[in-house]
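Structure record follows, encoded as structure tokens.
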Amino acid sequence: MLNIVLLEPEMPANTGNIGRTCCATGTRLHLIEPMGFRINDKMLKRAGLDYWDDLDVTVYDCYEDFLEQNPKAKEKMYMATTKGRHRYTDVSYEQDAYIMFGKESAGIPEEILVESPDTAIRIPMNPQIRSLNLSNSVAIVLYEALRQNDFFSMQTEGELHRLHW
């Protein structure tokens, strides 16, 4: 199972959207304090719709708490950042990889990035743009990791509701 890690998320609507994406993909969500909202924030619930109760989510007091409770995370961590050396499509995601995203206003602190320069990944974009929306970035990278793992046991074919193909 893949893991999305949000370091100090600030916006409840983005976190709710990410939670919904995690539910749709069977991905675990790890939220690292401090957050700019409370888990019961109505914006969070609204963005996550009625999926929030089904979400596999854990909240941690700080980054060190997260690492302590997930000892293998550091060796399987990819860090999505505009400062990354590698494109997100250039790495091979393990089935139990952790993909970390920083807070909307500042990203992942350089003190964390500098420890693992080879796992810092970026989504290519025009140079005059600072960053993409966080929930969009999570979806882009997560679906690449899922594609590389043949979408695990996800439903890959759809059916019409009233008519037939």
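A note on labels: chains of the structure tokens are A, B, ... as shown, every chain counts residues from 1, and ligands are counted from 1 in their shown order.
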Exercise: A:Met77 partners within 9 Å, only C-alpha atoms, chain neighbours under 5 positions left out, as a PyMOL selection string: chain A and resi 72+97-100+116+119-120
Within stretch 18-158 of chain A, find each residue whose DSSP state, derived from the backbone, is strand (DSSP E), and express the selection as a PyMOL selection string. chain A and resi 28-32+57-60+77-80+86-87+98-101+120-122
Show which residues sit within 7 Å of A:Pro9, as number ranges by chain. Count only C-alpha atoms, and ignore same-chain residues fewer than 5 positions away. A: 35-36, 103-104
Mind dumping the selected residues with all heavy atoms as a PDB file, in the first residue's frame?
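Okay, out.pdb is ready:
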ATOM      1  N   MET A  35      -0.793  21.523  12.074  1.00  0.00           N
ATOM      2  CA  MET A  35      -1.657  21.747  10.922  1.00  0.00           C
ATOM      3  C   MET A  35      -2.352  23.093  11.087  1.00  0.00           C
ATOM      4  O   MET A  35      -2.555  23.548  12.195  1.00  0.00           O
ATOM      5  CB  MET A  35      -2.695  20.626  10.804  1.00  0.00           C
ATOM      6  CG  MET A  35      -2.076  19.264  10.485  1.00  0.00           C
ATOM      7  SD  MET A  35      -3.284  17.995  10.107  1.00  0.00           S
ATOM      8  CE  MET A  35      -3.931  17.646  11.730  1.00  0.00           C
ATOM      9  N   GLY A  36      -2.740  23.670   9.981  1.00  0.00           N
ATOM     10  CA  GLY A  36      -3.402  24.963  10.013  1.00  0.00           C
ATOM     11  C   GLY A  36      -4.903  24.866  10.221  1.00  0.00           C
ATOM     12  O   GLY A  36      -5.632  25.807   9.925  1.00  0.00           O
ATOM     13  N   LYS A 103       4.159  21.786   3.321  1.00  0.00           N
ATOM     14  CA  LYS A 103       3.038  22.714   3.463  1.00  0.00           C
ATOM     15  C   LYS A 103       2.982  23.659   2.271  1.00  0.00           C
ATOM     16  O   LYS A 103       3.988  23.927   1.618  1.00  0.00           O
ATOM     17  CB  LYS A 103       3.097  23.445   4.790  1.00  0.00           C
ATOM     18  CG  LYS A 103       4.280  24.346   5.010  1.00  0.00           C
ATOM     19  CD  LYS A 103       4.178  24.928   6.414  1.00  0.00           C
ATOM     20  CE  LYS A 103       5.362  25.793   6.755  1.00  0.00           C
ATOM     21  NZ  LYS A 103       5.227  26.338   8.105  1.00  0.00           N
ATOM     22  N   GLU A 104       1.782  24.152   2.010  1.00  0.00           N
ATOM     23  CA  GLU A 104       1.523  24.941   0.818  1.00  0.00           C
ATOM     24  C   GLU A 104       2.403  26.185   0.729  1.00  0.00           C
ATOM     25  O   GLU A 104       2.864  26.547  -0.344  1.00  0.00           O
ATOM     26  CB  GLU A 104       0.046  25.367   0.768  1.00  0.00           C
ATOM     27  CG  GLU A 104      -0.898  24.237   0.441  1.00  0.00           C
ATOM     28  CD  GLU A 104      -1.400  23.465   1.663  1.00  0.00           C
ATOM     29  OE1 GLU A 104      -0.788  23.554   2.744  1.00  0.00           O
ATOM     30  OE2 GLU A 104      -2.397  22.756   1.528  1.00  0.00           O
TER      31      GLU A 104
END
If we count only C-alpha atoms and set the cut-off at 12 Å, which residues sit around A:Ala145, ignoring sequence neighbours fewer than 3 positions away in its own chain? Please answer as an MDAnalysis selection string. chainID A and resid 1:4 25 27 78 88:99 138:142 148:152
Keeping only C-alpha atoms, write those residues as a PDB file, in the first residue's frame.
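Listed below is the output, again.pdb:
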ATOM      1  CA  MET A   1       0.000   0.000   0.000  1.00  0.00           C
ATOM      2  CA  LEU A   2       1.304   3.434  -0.928  1.00  0.00           C
ATOM      3  CA  ASN A   3       1.584   6.226   1.641  1.00  0.00           C
ATOM      4  CA  ILE A   4       1.035   9.959   1.239  1.00  0.00           C
ATOM      5  CA  THR A  25      -6.834   4.653  -4.405  1.00  0.00           C
ATOM      6  CA  THR A  27      -3.600   4.841  -0.055  1.00  0.00           C
ATOM      7  CA  TYR A  78      10.225  10.301  -2.026  1.00  0.00           C
ATOM      8  CA  TYR A  88       8.568  12.259 -10.577  1.00  0.00           C
ATOM      9  CA  THR A  89       8.425   9.911 -13.578  1.00  0.00           C
ATOM     10  CA  ASP A  90      12.157   9.093 -13.344  1.00  0.00           C
ATOM     11  CA  VAL A  91      11.966   7.013 -10.155  1.00  0.00           C
ATOM     12  CA  SER A  92      10.561   3.547  -9.442  1.00  0.00           C
ATOM     13  CA  TYR A  93       8.038   3.595  -6.612  1.00  0.00           C
ATOM     14  CA  GLU A  94       7.943   0.542  -4.387  1.00  0.00           C
ATOM     15  CA  GLN A  95       4.504  -0.811  -3.474  1.00  0.00           C
ATOM     16  CA  ASP A  96       4.964   0.520   0.060  1.00  0.00           C
ATOM     17  CA  ALA A  97       6.645   3.816  -0.833  1.00  0.00           C
ATOM     18  CA  TYR A  98       6.066   7.014   1.116  1.00  0.00           C
ATOM     19  CA  ILE A  99       5.583  10.205  -0.897  1.00  0.00           C
ATOM     20  CA  VAL A 138      -0.503  14.669  -4.841  1.00  0.00           C
ATOM     21  CA  ALA A 139      -2.845  13.249  -7.490  1.00  0.00           C
ATOM     22  CA  ILE A 140      -0.244  13.581 -10.264  1.00  0.00           C
ATOM     23  CA  VAL A 141       2.538  11.804  -8.367  1.00  0.00           C
ATOM     24  CA  LEU A 142       0.279   9.250  -6.673  1.00  0.00           C
ATOM     25  CA  GLN A 148       3.977   1.728 -12.044  1.00  0.00           C
ATOM     26  CA  ASN A 149       2.413  -0.840  -9.694  1.00  0.00           C
ATOM     27  CA  ASP A 150      -0.333  -1.812 -12.177  1.00  0.00           C
ATOM     28  CA  PHE A 151      -2.918   0.015 -10.039  1.00  0.00           C
ATOM     29  CA  PHE A 152      -2.800  -2.764  -7.401  1.00  0.00           C
TER      30      PHE A 152
END
Contacts of A:Glu33 at 12 Å or less, counting only C-alpha atoms, minus same-chain residues fewer than 5 places along, as a list in words? Val5, Leu6, Leu7, Glu8, Pro9, Glu10, Arg38, Ile39, Thr58, Val59, Tyr60, Asp61, Cys62, Tyr63, Glu64, Asp65, Phe66, Gly102 and Lys103 of chain A
Would you pick out the contacts of A:Lys83 at 10 Å or less, using only C-alpha atoms, so that residues sharing its chain but fewer than 3 positions from it are not included, and give the list as a VMD selection string? chain A and resid 79 to 80 86 107 to 108 110 113 117 120 to 123
Dump N, CA and C atoms for the selected residues as a CSV table (one decimal), in the first residue's frame?
chain,number,residue,atom,x,y,z
A,79,MET,N,10.4,12.7,-1.9
A,79,MET,CA,9.9,14.0,-1.4
A,79,MET,C,9.6,14.9,-2.6
A,80,ALA,N,8.4,15.3,-2.7
A,80,ALA,CA,7.9,16.1,-3.9
A,80,ALA,C,8.2,17.5,-3.5
A,86,HIS,N,15.1,15.3,-9.7
A,86,HIS,CA,14.6,14.3,-10.6
A,86,HIS,C,13.1,14.5,-10.9
A,107,GLY,N,6.7,24.4,1.4
A,107,GLY,CA,7.2,23.1,0.9
A,107,GLY,C,7.9,22.4,2.0
A,108,ILE,N,8.7,21.4,1.7
A,108,ILE,CA,9.5,20.6,2.6
A,108,ILE,C,10.7,21.4,3.0
A,110,GLU,N,14.4,22.6,3.8
A,110,GLU,CA,15.6,22.2,3.1
A,110,GLU,C,16.5,21.3,4.0
A,113,LEU,N,15.2,17.9,3.0
A,113,LEU,CA,15.6,17.6,1.6
A,113,LEU,C,17.1,17.3,1.5
A,117,PRO,N,19.1,13.8,-1.3
A,117,PRO,CA,18.9,14.5,-2.6
A,117,PRO,C,18.4,13.6,-3.7
A,120,ALA,N,14.5,13.4,-3.9
A,120,ALA,CA,13.7,14.6,-4.1
A,120,ALA,C,13.2,14.7,-5.6
A,121,ILE,N,11.9,14.7,-5.7
A,121,ILE,CA,11.3,14.6,-7.1
A,121,ILE,C,10.5,15.9,-7.4
A,122,ARG,N,10.4,16.2,-8.6
A,122,ARG,CA,9.6,17.4,-9.0
A,122,ARG,C,8.7,17.1,-10.2
A,123,ILE,N,7.6,17.9,-10.2
A,123,ILE,CA,6.7,17.9,-11.4
A,123,ILE,C,7.2,19.0,-12.3
Helix (DSSP H, G or I) call set, DSSP backbone run, stretch 52-92 of chain A, as a PyMOL selection string: chain A and resi 52-54+63-69+74-76
Between A:Pro109, A:Asn17, A:Glu68, A:Pro124, single out the one closest to A:Arg85, counting only C-alpha atoms.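 Smallest distance to A:Arg85 is found for A:Pro124.
Take the candidates A:Pro127, A:Leu146, A:Gly84, A:Thr21 and check each one against A:Val114 using only C-alpha atoms; the shortest distance goes to A:Gly84.
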Kindly give the distance, in Å, that separates atom CA of A:Asn70 and atom CA of A:Cys22, rounded to a single decimal.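 Answer for the atom CA of A:Asn70 to atom CA of A:Cys22 separation: 18.3 Å.
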